[in-house]
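Here's the structure we're looking at; comments come further down.
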Amino acid sequence: MREPHCNVPGCDLGSDQMVGDYVTINIGPSHPAMHGTLRVVAKTDGETVIEAEPEIGYLHRGVEKLGENLTYNQFIPITDRLNYCSSIVNNVAYEKAVEKLMGVEIPEKAQLVRVILMELSRIADHQVCIGILGVDIGAFTPFFYQIIQREEIYEIFEWYNGARLTVTAGRIGGQDADLPDMFEEKWRMLKDGIRKANDETDKLLTHNRIWMDRTIGISAFSAEDALNFGFTGPCLRACGVPRDLRKDDPYYMYDQFDFDIPVGKNGDVFDRYMVRMKEMEESIKIIDQAYALYREMPEDAPLKAKVPKIIKPPAGEVYAALESPNGELGFYLKSDGSDKPYRIKVRPPCFMIYQAFPELIKGEMIADTIACLSSLNIIAGELDR
Amino acid sequence: MEDLGITVIKVVFIWTWVLLIATLMTWVERRGSAMMQDRLGPNRAGPFGLLQPVADGIKLFTKEDIVPEKAQKILFSLGPVLFALPAFSAYAVVPFGDKLVLDGKEIILQVADVNIGFLYIVALGGLAVYGMVVGGWGSNNKYSILGGLRSTAQLISYEVPFGIVLLAVVMVFGTFSLREISLAQQGTFLGFLPNWGVFKQPLGFILFMTAAYAEANRVPFDLPEAESEIVAGYHTEYGSMRLGLYLFGEYVNLYTLAALTVTLFFGAWHLPYLDMSHFLGPISYGIASFLVFFLKTAFFLWLFVWIRWTVPRFRYDQVMGLGWKALIPLSLVNLFVTALIIQLTV
Amino acid sequence: MSLQDRIRHCLQNDVLDLFQCQGDLFVQVPRDRIVQCLEKLRDEPGLEFDFLVDVVGVDNSALHEKEIKAREKALAKEKEKAEESGETGVENEPVVLEVPPRFDVIYLLLSLKSNERLAVKVKVPEEDPEVDTVTTIWRAADWPEREIFDFLGIRFRGHHNLKRLMMWEGFGSYPLRKDYPLQGKGEERHLDYDE
């Protein structure tokens, strides 16, 4: 039997007793607002959280151990299960690492396909995050506006690969398939749909007095703290640090696209929400530009670099990262020259962000912890691996 | 005094009617929210899914009744009853139409025209909180206790502005009887406006609606059962028909509050600029007054649904702040200004 | 100055090894100097590796085993060759193959100014699996270090809350070690609901 444990002084998880003047509340792992299976043990004074300790591992599936026993291509479907809201980004991040290890440069057309698919999943991820943030603060309706558009995005994924959620897009050395034929038409409609949904969400939430009261100044974080804690992605940008790997360390053809990095100021829930909202618009711009480039490519341009049938990278170790919807998603890979990776280490953005959670919610109210958690967009799949 | 038979018929009628509407409200809520959210909502049981509430009722009745092992059994059982009872009784003093003349007998469309109808409503509204507190405490669950605590604080806080606004209304109409208030709203006010409470008490109306939403635990004041924070609040541990009573009591409360709004502020069964009794026969007038009253009530019921699916939820301290820092001072100002105007004009 | 030179200049004698792999720069430093080295790398103007991306733990035992086997084979072959050619007189002393430390702990650093990346590596022996914590420099190292402790059994000296992260308390084994079977050892979490 596992001993109940908690770092909070005076807190005894095992008993239902109230210690001192404080009440220990166990939020999760089975709780409507704990996305996936997160768990937070909070010591509360009335409704105010005095101290909290997150506990993770309820969704641990041993992805890294599994990877050591699968061949390089077999591991791609496993990466789908990391951040299941934007599985393509995980696929590409892993493929990018292996390609780096092998020293393979993928053809331009494959790069463009990857960019388009990744930006689509970035939009999908942000849509889920914003929708859920609304639900957790009590605004149910924007969730549906966002989710309906996400379904349309998933339709493109379905055309691409037959799968909607766990897409397994791409192979090592390039893409296995071209963009679907009807992409252009679909994208034209989808673009308007996404913009309309964002517009409606914006009208319902952004300047809503209750929404502003609930989000502005909640779990604000300074830029130094955020950097110290290893924040990346929208959560860091909300603190006012314009850091984005797509700009700072361009991979694929991101240096050819014209887009902005939206930044916030206070790093609170509202800023995170606004950054995500604006990023969707930037992603739309990127897809437009990428598709324009893609259309100029000859029909029979190669989608895959020349790679051997059995992937056997030379012995060595690399770290490759890209900007996932949540921040820097990196893969550390070590190869011993065989057909299976010697060591795979995923660097999930959530992992770094979530460890600051006790700091973020200290002194806030129970309702704010939920709002904060949703705005961080913690995905248990990539957190626990 | 009317004879007993008619009173019993009225009680049975309004009881059935309120239950029917409350049942229908669950359907309206689900279909209405679906409409706003680009979904379909329940559409399988019966035409347009109208039989969905029946199916839900059967489901709730036939589900296993689970009492948590460590719950305090008596309190746990008492909770839903304490919640539903005041909800079902409150409608007794609210009118549902003007009067029906049958065989020369005048039947007033109201169960009991007591001269202290106001106090009755406020008192029963105050009692409803016991249902939540007792249920929340008896469940032996921290989320339930939190929900119960939230509901206590919230209801007590909003009972005060609620009562003060009602006092201002009483001052305007000079009576505690809801029927007399309804009758007083005929004709025009200042020559061009309908003689409705909302035009005499505009601030009072807004305050009343805000407090009513808080009393009814509806978004944006649904903290006692905020599903994303404290699971389901005071009814986390409840299932089967016990949960049904809570949910049902809430819809009945909504109906009462909507009817009260119509009675106090929207001219009860009166149409603006039009006196139905002039050109309608006695029976058809009774039915028409009932329908007009109901349609107005239905609008406010819809408003409950509309607002629920539009705005986010307040935080606990914000609700308290709004109640004590905004509503109570404003309602006092409203009371004072009303008193001043009455003093100066009469 | 290239990045290598700058690092050599900054860390001086602490550089045990410096190599590049597909453009990624790895520098190995002594285990007991890791905190000082990272601080130097963070503060040195021109380097400023001020962002800790991740901490990675690697169990190299399988790799070493393979290497040793290969070397033993090569040695045996050599010996055979020598015997065949009749040079029996020169009796080689039995070669003792030195096993390098079992674990690697790799700190992935990033400079926010120049966007250069650097991996700092320390070797950790199995007998004494302990490294100084770097949570004093970056709080970001908190959970990664706990994770390495959880999966590989490397302890971090001075860590304020070193306990298992993913696996439950009392799990017993270290699942990312190479000798841990993929199917697990049959550890189960016994939750006795009847109690």
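Naming works like this for the structure tokens: A, B, ... for the chains as they're shown, residue 1 at the start of each chain, ligands 1 onward in shown order.
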Kindly determine which residues of chain A lie within 6 Å of chain C, considering only C-alpha atoms, and give the answer as a count of residues only. 5
Chain A near chain B within 6 Å: what's each residue's closest atom pair and its distance in Å to one decimal, counting only C-alpha atoms, ordered by chain then ascending residue number, as CSV?
residue,atom,partner,partner_atom,distance
A:Pro32,CA,B:Ser228,CA,5.5
A:Ala33,CA,B:Ser228,CA,5.0
A:Asp136,CA,B:Ser228,CA,5.3
A:Ile137,CA,B:Pro312,CA,5.7
A:Gly138,CA,B:Pro312,CA,4.3
A:Ala139,CA,B:Pro312,CA,4.1
A:Thr141,CA,B:Gln37,CA,5.6
A:Phe144,CA,B:Gln37,CA,5.7
A:Ala367,CA,B:Glu229,CA,5.7
Selection export as a PDB file, in the first residue's frame, atoms kept: all heavy atoms:
ATOM      1  N   PRO A  32     -13.464  16.945 -12.549  1.00  0.00           N
ATOM      2  CA  PRO A  32     -13.881  17.473 -13.848  1.00  0.00           C
ATOM      3  C   PRO A  32     -12.900  18.449 -14.474  1.00  0.00           C
ATOM      4  O   PRO A  32     -12.851  18.568 -15.691  1.00  0.00           O
ATOM      5  CB  PRO A  32     -15.199  18.168 -13.551  1.00  0.00           C
ATOM      6  CG  PRO A  32     -15.605  17.771 -12.198  1.00  0.00           C
ATOM      7  CD  PRO A  32     -14.475  17.115 -11.514  1.00  0.00           C
ATOM      8  N   ALA A  33     -12.140  19.165 -13.661  1.00  0.00           N
ATOM      9  CA  ALA A  33     -11.283  20.191 -14.249  1.00  0.00           C
ATOM     10  C   ALA A  33      -9.832  19.752 -14.323  1.00  0.00           C
ATOM     11  O   ALA A  33      -8.988  20.506 -14.766  1.00  0.00           O
ATOM     12  CB  ALA A  33     -11.379  21.476 -13.456  1.00  0.00           C
ATOM     13  N   ASP A 136     -13.855  25.992 -17.850  1.00  0.00           N
ATOM     14  CA  ASP A 136     -13.435  25.945 -16.457  1.00  0.00           C
ATOM     15  C   ASP A 136     -13.778  27.224 -15.716  1.00  0.00           C
ATOM     16  O   ASP A 136     -13.863  27.234 -14.495  1.00  0.00           O
ATOM     17  CB  ASP A 136     -11.935  25.666 -16.356  1.00  0.00           C
ATOM     18  CG  ASP A 136     -11.649  24.207 -16.615  1.00  0.00           C
ATOM     19  OD1 ASP A 136     -12.612  23.434 -16.626  1.00  0.00           O
ATOM     20  OD2 ASP A 136     -10.488  23.846 -16.796  1.00  0.00           O
ATOM     21  N   ILE A 137     -13.945  28.314 -16.445  1.00  0.00           N
ATOM     22  CA  ILE A 137     -14.341  29.550 -15.779  1.00  0.00           C
ATOM     23  C   ILE A 137     -15.853  29.686 -15.836  1.00  0.00           C
ATOM     24  O   ILE A 137     -16.410  30.620 -15.285  1.00  0.00           O
ATOM     25  CB  ILE A 137     -13.572  30.746 -16.384  1.00  0.00           C
ATOM     26  CG1 ILE A 137     -12.087  30.523 -16.118  1.00  0.00           C
ATOM     27  CG2 ILE A 137     -13.975  32.065 -15.782  1.00  0.00           C
ATOM     28  CD1 ILE A 137     -11.206  31.668 -16.452  1.00  0.00           C
ATOM     29  N   GLY A 138     -16.525  28.762 -16.472  1.00  0.00           N
ATOM     30  CA  GLY A 138     -17.984  28.760 -16.432  1.00  0.00           C
ATOM     31  C   GLY A 138     -18.641  29.208 -17.717  1.00  0.00           C
ATOM     32  O   GLY A 138     -19.853  29.180 -17.818  1.00  0.00           O
ATOM     33  N   ALA A 139     -17.850  29.622 -18.701  1.00  0.00           N
ATOM     34  CA  ALA A 139     -18.432  30.008 -19.983  1.00  0.00           C
ATOM     35  C   ALA A 139     -18.382  28.797 -20.899  1.00  0.00           C
ATOM     36  O   ALA A 139     -17.322  28.427 -21.382  1.00  0.00           O
ATOM     37  CB  ALA A 139     -17.663  31.174 -20.595  1.00  0.00           C
ATOM     38  N   THR A 141     -20.196  28.168 -23.750  1.00  0.00           N
ATOM     39  CA  THR A 141     -20.521  28.270 -25.172  1.00  0.00           C
ATOM     40  C   THR A 141     -19.304  28.406 -26.089  1.00  0.00           C
ATOM     41  O   THR A 141     -19.259  27.738 -27.115  1.00  0.00           O
ATOM     42  CB  THR A 141     -21.509  29.418 -25.379  1.00  0.00           C
ATOM     43  OG1 THR A 141     -22.617  29.177 -24.506  1.00  0.00           O
ATOM     44  CG2 THR A 141     -22.003  29.487 -26.776  1.00  0.00           C
ATOM     45  N   PHE A 144     -17.787  25.273 -27.679  1.00  0.00           N
ATOM     46  CA  PHE A 144     -18.367  24.610 -28.841  1.00  0.00           C
ATOM     47  C   PHE A 144     -17.984  25.318 -30.130  1.00  0.00           C
ATOM     48  O   PHE A 144     -17.736  24.669 -31.140  1.00  0.00           O
ATOM     49  CB  PHE A 144     -19.883  24.520 -28.695  1.00  0.00           C
ATOM     50  CG  PHE A 144     -20.278  23.485 -27.703  1.00  0.00           C
ATOM     51  CD1 PHE A 144     -20.521  23.820 -26.397  1.00  0.00           C
ATOM     52  CD2 PHE A 144     -20.372  22.155 -28.065  1.00  0.00           C
ATOM     53  CE1 PHE A 144     -20.854  22.858 -25.475  1.00  0.00           C
ATOM     54  CE2 PHE A 144     -20.705  21.188 -27.148  1.00  0.00           C
ATOM     55  CZ  PHE A 144     -20.947  21.542 -25.842  1.00  0.00           C
ATOM     56  N   ALA A 367     -11.012  28.520  -7.117  1.00  0.00           N
ATOM     57  CA  ALA A 367     -11.496  28.706  -8.482  1.00  0.00           C
ATOM     58  C   ALA A 367     -10.373  29.158  -9.406  1.00  0.00           C
ATOM     59  O   ALA A 367     -10.335  28.785 -10.576  1.00  0.00           O
ATOM     60  CB  ALA A 367     -12.618  29.734  -8.491  1.00  0.00           C
TER      61      ALA A 367
END
Can you pull out every residue within 8 Å of Ile116 of chain B, counting only C-alpha atoms, but drop anything in the same chain fewer than 4 positions away, and send it as a list of chain:residue names?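 The residues that qualify are B:Tyr120, B:Phe176, B:Ser177.
Separating atom CA of Gly117 of chain B from atom CA of Phe162 of chain B is a distance of 14.6 Å.
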Neighbours of Leu119 of chain B within 10 Å (only C-alpha atoms; same-chain residues fewer than 5 positions away dropped), as number ranges by chain? B: 114, 124-125, 163, 166, 176-177
